Amino acid sequence: MIKVCFLVSSLANEGPVNVMYNIIRYMNFSIFDVSVITLIPEKTTNRIEIFKELPISIHQLAKQEFLNPLQLFFRLKEKVREIEPHMLHSHCPRSLYLMCFLPKRYKRIYTIHIFPGLQQQILYGRWKGDLVILLNNYFTRRIDLPVGCAESISALYKQHKNWDIMSIPNGSSLPVWNRNEEQKKQLRKKYHLCENSRYFIYVGRFSKEKNPDILVEAFKKLNDPLTGLIMLGDGPMWEQLKAEESERLKLPGFTAGVYEYLIASDYYISASEVEGLANTLLESMTIGLPFLLSDIPSHKEVIAKMSRVAGYIANQNDVDDIVDKMKQLTCSVKRDEAEAEIKKVFLEHYTAEQMSNQYQAAYQDLYRKNIN
C-alpha cells in the first residue's frame, strides 16, 4: 500500500479543500492508504462530516484552539512519525512551510492553487504580502513534486521563474445537468427569482481581489429590467454590497445550495483579478452556462478550449467593457450551441475523476522513484 498523508489548515468549505476531497473520493483504496491532518480549529462552514464518510483517517492537531507555530510543528512531526506515510501532500501555505522541516524521507507534494502575487498583497498588505510571496517561492522550490492546479499556473512559473511545474487541472464532481425547464422554473420560485428574467450568477468571496463591487457597478449601469444578478458567498465586502440589494440584484450570502442557484441561472460571471482554476467556474460548466470572465490566465485557458463562442473575456477593471460584454453575451451567443460546447469541454478536461486519476499516477510514479 502507498501511504499518502494530506496536510491542510482545516476542512473548511473552500476551494483547496474541495479539490482535496475530490482527489481522495476517487482514489483506489486497494492501492492507497489515505490520511488527512488538519492544523487549526474548524470553521463553522466545514466539510469534516463528508470527509468522515470516506475510508480514511482524519487527525485534528488543534481541535479546540490555535497553537503557536512551534507547538504545531512538534505535534505535526509526532503525528507524521506515527502515521509514517510514504508522501505528504500539502494544500495550503501553512502546511507547505511546516512540511518542509519534516524529514526528507517523506516525499513532498504541494498543489499550487494560485500563482503567488496580487492575492497575497491584498490579503496581507504590501510588505507582509511580499514576504509571503518570497516564502511561498522559497518552500515551493524545495518540494519533490509541486503541481499547478491549472495549465496557466505552470506557464506563469515558467515565464517568471523558469521553473518546470507539473500541471493537473482542477476538476468538479458535480453531475452534468440535463436541461429541465420545469426544474429551473421551480427553483426560481423557491429562491424568489423572476420567471421571465435572465440571470447572471457570481459565486465567490466578497473581497477586493474578486471585484464584486465592480460587478455591482456594472449591473447597475446596465440597467436592464429583464436582467438580474445573483451573488453568492461571503467575505469582508458582503455587508457593504448587501445594502445595494434590490428586486433584480440578489445577495443571499453563503449557501449550500450553489448547484440549485446555478441551475436557476442563465450566465456565469467573474471579474476576479486572480484565480487558480475556480471550482465555481467548473461547476457552472456542468450546467452549460455561457460565461463572462475576467482577463486573467486561467480564464483564458478555459475559453481557449472552446471550439465555438461560449462566452467572452472582459477587462475586469473597466465597467463599460463589462457592460458591453454582458449585452453581447445576452444578444449574440446561441444558448443551445454554447451549452453543448461548454459541457463537452468540461467532460473532456475538468471532471474530478480525471483529476484524481492524474494525481494517483503522479503518486505512484513518485513512489517508484523513491524505492528504486
# chains A, B, ... in the order shown; residues from 1 in each chain; ligands from 1

call {"tool": "select_by_dssp", "arguments": {"residues": "stretch 25-129 of chain A", "states": "alpha helix (DSSP H)", "output": "VMD selection string"}}
result
chain A and resid 25 48 to 52 69 to 83 93 to 99 118 to 124 126 to 129

call {"tool": "residues_around", "arguments": {"residues": "A:Pro55", "least_positions_apart": "5", "cutoff": "10 Å", "atoms": "only C-alpha atoms", "output": "list in words"}}
result
Ile24, Arg25, Phe29, Asp33, Val34 and Ser35 of chain A

call {"tool": "residues_around", "arguments": {"residues": "stretch 262-266 of chain A", "least_positions_apart": "6", "cutoff": "7 Å", "atoms": "only C-alpha atoms", "output": "PyMOL selection string"}}
result
chain A and resi 184+187-188+198-201+284+287+289

call {"tool": "closest_residue", "arguments": {"among": "A:Asn13, A:Thr111, A:Ser270, A:Asn18", "to": "A:Thr44", "atoms": "only C-alpha atoms"}}
result
A:Asn13

call {"tool": "closest_atom_pairs", "arguments": {"of": "stretch 108-220 of chain A", "to": "stretch 340-352 of chain A", "cutoff": "7 Å", "atoms": "only C-alpha atoms", "output": "Markdown table"}}
result
| residue | atom | partner | partner_atom | distance |
| --- | --- | --- | --- | --- |
| A:Pro169 | CA | A:Tyr350 | CA | 6.9 |
| A:Asn170 | CA | A:Tyr350 | CA | 6.4 |
| A:Gly171 | CA | A:Ala352 | CA | 4.0 |
| A:Ser172 | CA | A:Ala352 | CA | 4.7 |
| A:Ser173 | CA | A:Ala352 | CA | 4.9 |

call {"tool": "select_by_dssp", "arguments": {"residues": "stretch 117-353 of chain A", "states": "strand (DSSP E)", "output": "count of residues only"}}
result
34

call {"tool": "closest_residue", "arguments": {"among": "A:Phe51, A:Phe6, A:Phe115, A:Phe219", "to": "A:Val319", "atoms": "only C-alpha atoms"}}
result
A:Phe219

call {"tool": "closest_residue", "arguments": {"among": "A:His91, A:Lys190, A:Lys221, A:Arg335", "to": "A:Asp318", "atoms": "only C-alpha atoms"}}
result
A:Lys221

call {"tool": "atom_distance", "arguments": {"atom1": "atom CA of A:Gly228", "atom2": "atom CA of A:Lys208"}}
result
22.0 Å

call {"tool": "residues_around", "arguments": {"residues": "stretch 126-140 of chain A", "least_positions_apart": "4", "cutoff": "12 Å", "atoms": "only C-alpha atoms", "output": "NGL selection string"}}
result
:A and (90-101 or 108-122 or 144-148 or 157 or 160-161 or 163-165)

call {"tool": "closest_atom_pairs", "arguments": {"of": "stretch 63-159 of chain A", "to": "stretch 296-305 of chain A", "cutoff": "10 Å", "atoms": "only C-alpha atoms", "output": "JSON lines"}}
result
{"residue": "A:Ile114", "atom": "CA", "partner": "A:Ser298", "partner_atom": "CA", "distance": 9.8}
{"residue": "A:Cys149", "atom": "CA", "partner": "A:Ser298", "partner_atom": "CA", "distance": 9.6}
{"residue": "A:Ala150", "atom": "CA", "partner": "A:Ser298", "partner_atom": "CA", "distance": 6.7}
{"residue": "A:Glu151", "atom": "CA", "partner": "A:Glu301", "partner_atom": "CA", "distance": 7.3}
{"residue": "A:Ser152", "atom": "CA", "partner": "A:Ser298", "partner_atom": "CA", "distance": 5.5}
{"residue": "A:Ile153", "atom": "CA", "partner": "A:Ser298", "partner_atom": "CA", "distance": 7.6}
{"residue": "A:Ala155", "atom": "CA", "partner": "A:Pro297", "partner_atom": "CA", "distance": 9.1}
{"residue": "A:Leu156", "atom": "CA", "partner": "A:Pro297", "partner_atom": "CA", "distance": 8.6}

call {"tool": "write_last_selection", "arguments": {"atoms": "C-alpha atoms", "output": "short mmCIF file (atom, residue, chain, number, x, y, z; two decimals), in the first residue's frame"}}
result
data_model
loop_
_atom_site.label_atom_id
_atom_site.label_comp_id
_atom_site.auth_asym_id
_atom_site.auth_seq_id
_atom_site.Cartn_x
_atom_site.Cartn_y
_atom_site.Cartn_z
CA ILE A 114 -2.81 30.22 -7.15
CA CYS A 149 -3.94 23.38 -10.43
CA ALA A 150 -4.16 24.89 -13.92
CA GLU A 151 -2.01 24.90 -17.03
CA SER A 152 -1.75 28.68 -16.71
CA ILE A 153 -0.12 28.40 -13.26
CA ALA A 155 3.06 28.62 -17.55
CA LEU A 156 3.43 31.56 -15.12
#

call {"tool": "closest_residue", "arguments": {"among": "A:Ser272, A:Asn180, A:Ser294, A:Ser30", "to": "A:Asp321", "atoms": "only C-alpha atoms"}}
result
A:Ser294

call {"tool": "residues_around", "arguments": {"residues": "A:Leu249", "least_positions_apart": "5", "cutoff": "8 Å", "atoms": "only C-alpha atoms", "output": "PDB file with C-alpha atoms, in the first residue's frame"}}
result
ATOM      1  CA  GLY A 228     -30.793  40.110 -12.867  1.00  0.00           C
ATOM      2  CA  LEU A 229     -27.619  39.382 -10.918  1.00  0.00           C
ATOM      3  CA  ILE A 230     -27.262  36.736  -8.186  1.00  0.00           C
ATOM      4  CA  MET A 231     -24.185  36.982  -5.938  1.00  0.00           C
ATOM      5  CA  GLU A 244     -27.287  47.513  -2.770  1.00  0.00           C
TER       6      GLU A 244
END

call {"tool": "residues_around", "arguments": {"residues": "A:Asn223", "least_positions_apart": "6", "cutoff": "12 Å", "atoms": "only C-alpha atoms", "output": "VMD selection string"}}
result
chain A and resid 216 to 217 229 248 to 249 323 326 to 327
